[in-house]
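Just start18.txt here, compact mmCIF, C-alpha atoms:
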# COMPACT_ATOMS: atom_id res chain seq x y z
CA ARG K 246 0.00 0.00 0.00
CA ARG K 247 1.34 3.43 -0.96
CA GLN K 248 1.53 6.41 1.41
CA ASP K 249 -1.24 8.20 -0.50
CA GLY K 250 -3.64 5.34 0.26
CA THR K 251 -3.77 3.84 -3.25
CA GLU K 252 -3.22 0.20 -3.93
CA ASP K 253 -2.38 0.35 -7.64
CA LEU K 254 -1.33 3.51 -9.45
CA MET K 255 -2.36 2.15 -12.86
CA VAL K 256 -5.90 1.58 -11.63
CA ILE K 257 -6.04 5.27 -10.77
CA TYR K 258 -4.68 6.31 -14.20
CA GLU K 259 -7.14 4.05 -15.97
CA ARG K 260 -10.08 5.33 -13.92
CA LEU K 261 -9.12 8.95 -14.58
CA ALA K 262 -8.80 8.27 -18.31
CA LEU K 263 -12.17 6.51 -18.35
CA ARG K 264 -13.78 9.38 -16.44
CA ASP K 265 -12.27 11.91 -18.83
CA ALA K 266 -13.38 9.97 -21.89
CA THR K 267 -16.88 9.51 -20.52
CA PHE K 268 -17.87 12.57 -18.48
CA CYS K 269 -15.39 15.41 -18.83
CA LYS K 270 -14.99 15.93 -22.56
CA PRO K 271 -15.38 19.62 -23.42
CA THR K 272 -17.60 20.53 -26.34
CA ARG K 273 -14.74 22.09 -28.34
CA VAL K 274 -12.01 19.76 -29.58
CA GLN K 275 -9.23 22.32 -29.05
CA GLU K 276 -9.94 22.30 -25.29
CA TYR K 277 -9.40 18.59 -24.85
CA GLN K 278 -6.44 16.23 -24.97
CA SER K 279 -7.32 12.64 -24.19
CA MET K 280 -4.92 10.22 -22.53
CA ASP K 281 -3.86 7.90 -25.33
CA ALA K 282 -1.99 4.60 -25.42
CA VAL K 283 1.43 6.24 -25.10
CA ASP K 284 0.34 8.11 -21.96
CA MET K 285 -1.01 4.90 -20.46
CA ILE K 286 2.16 2.95 -21.32
CA ARG K 287 4.36 5.65 -19.82
CA ASN K 288 2.25 5.70 -16.67
CA LEU K 289 2.31 1.90 -16.45
CA LEU K 290 6.11 1.91 -16.54
CA LEU K 291 6.55 4.86 -14.18
CA GLY K 292 4.01 3.42 -11.75
CA CYS K 293 6.23 0.37 -11.22
CA PHE K 294 8.75 2.38 -9.22
CA ASP K 295 8.69 3.01 -5.51
CA PRO K 296 10.11 5.40 -4.30
CA PRO K 297 9.10 8.12 -6.79
CA ASP K 298 12.69 9.31 -7.29
CA GLU K 299 13.38 6.03 -9.13
CA ALA K 300 10.46 6.79 -11.45
CA LEU K 301 11.95 10.21 -12.15
CA GLU K 302 15.33 8.62 -12.87
CA PHE K 303 13.70 6.17 -15.32
CA TYR K 304 11.84 9.04 -16.98
CA LYS K 305 15.04 11.08 -17.41
CA ASP K 306 17.25 8.15 -18.46
CA TYR K 307 14.87 6.27 -20.78
CA TRP K 308 11.49 7.84 -21.55
CA LEU K 309 12.55 11.45 -22.16
CA PRO K 310 15.37 10.44 -24.55
CA LEU K 311 12.86 8.26 -26.41
CA GLU K 312 10.49 11.22 -26.76
CA ARG K 313 13.37 13.43 -27.94
CA ARG K 314 14.48 10.85 -30.51
CA ALA K 315 10.92 10.64 -31.82
CA GLU K 316 10.75 14.43 -32.08
CA GLU K 317 14.12 14.65 -33.86
CA LYS K 318 13.07 12.04 -36.39
CA LYS K 319 9.61 13.61 -36.68
CA VAL K 320 7.99 10.30 -35.75
CA ALA K 321 5.04 10.00 -33.39
CA MET K 322 5.67 8.14 -30.14
CA LYS K 323 2.70 5.97 -31.06
CA THR K 324 4.57 4.86 -34.18
CA LEU K 325 7.69 3.99 -32.17
CA ILE K 326 5.71 1.95 -29.65
CA ALA K 327 3.78 0.21 -32.44
CA SER K 328 7.09 -0.69 -34.13
CA PHE K 329 8.46 -1.98 -30.83
CA LEU K 330 5.40 -4.19 -30.28
CA GLU K 331 5.59 -5.46 -33.85
CA ALA K 332 9.24 -6.39 -33.34
CA GLN K 333 8.35 -8.17 -30.10
CA ARG K 334 5.62 -10.15 -31.87
CA GLY K 335 8.16 -11.11 -34.53
CA GLN K 336 10.36 -12.69 -31.85
CA LYS K 337 7.62 -15.15 -30.87
CA ASN K 338 6.88 -18.43 -32.59
CA ASP K 339 3.13 -17.79 -32.64
CA PRO K 340 2.33 -14.64 -34.67
CA THR K 341 -1.25 -14.74 -33.42
CA ASP K 342 -0.24 -14.30 -29.80
CA LYS K 343 -3.09 -15.26 -27.45
CA ALA K 344 -2.80 -11.99 -25.50
CA ALA K 345 -3.11 -9.92 -28.68
CA ARG K 346 -6.18 -11.90 -29.79
CA THR K 347 -8.01 -11.25 -26.52
CA VAL K 348 -7.60 -7.46 -26.48
CA LYS K 349 -10.81 -5.55 -25.86
CA ILE K 350 -11.14 -2.90 -28.54
CA GLY K 351 -12.45 0.37 -27.15
CA MET K 352 -10.84 0.01 -23.76
CA ILE K 353 -8.93 2.94 -22.32
CA GLY K 354 -5.67 3.34 -24.19
CA GLY K 355 -7.01 1.28 -27.07
CA HIS K 356 -5.51 -1.75 -28.70
CA MET K 357 -1.90 -0.59 -28.39
CA TYR K 358 -2.06 -0.14 -24.62
CA ALA K 359 -3.79 -3.49 -24.16
CA GLU K 360 -1.17 -5.19 -26.33
CA PHE K 361 1.69 -3.51 -24.45
CA GLN K 362 0.10 -4.43 -21.13
CA ALA K 363 -0.21 -8.08 -22.24
CA TRP K 364 3.40 -8.07 -23.45
CA PHE K 365 4.63 -6.50 -20.20
CA THR K 366 2.67 -9.00 -18.09
CA GLU K 367 4.31 -11.83 -20.05
CA GLN K 368 7.72 -10.23 -19.42
CA GLN K 369 6.95 -10.13 -15.69
CA LYS K 370 6.13 -13.84 -15.71
CA GLU K 371 9.30 -14.70 -17.62
CA ALA K 372 11.44 -12.49 -15.36
CA GLY K 373 10.70 -14.64 -12.32
CA ASN K 374 12.40 -13.09 -9.28
CA LEU K 375 13.85 -10.08 -11.11
CA PRO K 376 12.83 -6.93 -9.20
CA GLN K 377 10.10 -4.99 -11.01
CA ASN K 378 12.19 -1.81 -11.27
CA GLU K 379 14.93 -3.80 -13.08
CA LEU K 380 12.36 -5.25 -15.48
CA VAL K 381 11.11 -1.74 -16.27
CA ARG K 382 14.65 -0.48 -16.84
CA SER K 383 15.22 -3.43 -19.16
CA THR K 384 12.04 -2.48 -21.03
CA GLY K 385 13.29 1.11 -21.28
CA LYS K 386 16.50 -0.14 -22.88
CA LYS K 387 14.53 -2.22 -25.40
CA LEU K 388 12.36 0.72 -26.36

Would you encode the structure as structure tokens?
Amino acid sequence: RRQDGTEDLMVIYERLALRDATFCKPTRVQEYQSMDAVDMIRNLLLGCFDPPDEALEFYKDYWLPLERRAEEKKVAMKTLIASFLEAQRGQKNDPTDKAARTVKIGMIGGHMYAEFQAWFTEQQKEAGNLPQNELVRSTGKKL
């Protein structure tokens, strides 16, 4: 349990995104920026760290450079993450990965977030006793 009383930070992010998508959308498009798959993936990774200074270190060392690279190459972060997931699928024997087939379209963060979440969950299982923060750093290096 965290000091702020929450059990799972990702549950909070997902609930806020769902609330925003459902109840809080302004009538003018220019007033609204929805949380997309990239936001949810970033929050999933950053939420794995405790204490928060480790999350900030991960953000500075891995996520921010990834965003800067995307900006320099004029490529959307969504495109980079999609390419990463495609490469990860290519490393598996079964191209119709069970997790990817069971994704619920329309969920918060869409198909990409659900696919990343399924991939990350599989990585956690395969990592065994590897501390979660090390798994996230390893993911940051792969991205």

Around (-0.1, -0.9, -30.4), as given in the file, which residues come within 8 Å? Count only C-alpha atoms and list them as an mmCIF file with C-alpha atoms, in the frame of the given file.
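As written to disk, point_37.cif reads:
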data_model
loop_
_atom_site.group_PDB
_atom_site.id
_atom_site.type_symbol
_atom_site.label_atom_id
_atom_site.label_comp_id
_atom_site.auth_asym_id
_atom_site.auth_seq_id
_atom_site.Cartn_x
_atom_site.Cartn_y
_atom_site.Cartn_z
ATOM 1 C CA ALA K 282 -1.990 4.600 -25.420
ATOM 2 C CA LYS K 323 2.700 5.970 -31.060
ATOM 3 C CA ILE K 326 5.710 1.950 -29.650
ATOM 4 C CA ALA K 327 3.780 0.210 -32.440
ATOM 5 C CA LEU K 330 5.400 -4.190 -30.280
ATOM 6 C CA GLY K 355 -7.010 1.280 -27.070
ATOM 7 C CA HIS K 356 -5.510 -1.750 -28.700
ATOM 8 C CA MET K 357 -1.900 -0.590 -28.390
ATOM 9 C CA TYR K 358 -2.060 -0.140 -24.620
ATOM 10 C CA ALA K 359 -3.790 -3.490 -24.160
ATOM 11 C CA GLU K 360 -1.170 -5.190 -26.330
ATOM 12 C CA PHE K 361 1.690 -3.510 -24.450
#

Open item on the list: One number please: CA of Arg334 in chain K to CA of Val381 in chain K, in Å, one decimal.
Closed with: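 Pair CA of Arg334 in chain K / CA of Val381 in chain K returns 18.6 Å.
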
- [ ] Could you give me, as a list in words, the residues within 7 Å of range 295-312 of chain K, counting all atoms listed in the file and dropping anything in the same chain fewer than 2 positions from it?
- [x]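 Selected residues are Leu291, Cys293, Arg314, Ala315, Glu316, Met322, Arg382, Gly385 and Lys386 of chain K.
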
Open item on the list: Can you measure CA of Gln369 in chain K to CA of Leu289 in chain K for me? One decimal in Å is fine.
Closed with: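 Pair CA of Gln369 in chain K / CA of Leu289 in chain K returns 12.9 Å.
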
Task: Nearest candidate to Ala363 in chain K (options K:Leu380, K:Ile286, K:Ala332, K:Leu325; using only C-alpha atoms) - done: K:Ile286

TODO: Find, counting only C-alpha atoms, the residue in K:Glu331, K:Met285, K:Glu317, K:Ser383 that gets nearest to Gln362 in chain K.
DONE: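 Checking each of K:Glu331, K:Met285, K:Glu317, K:Ser383 against Gln362 in chain K, counting only C-alpha atoms, the winner is K:Met285.
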
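The gap separating CA of Phe329 in chain K from CA of Lys387 in chain K is 8.1 Å, in Å to one decimal.
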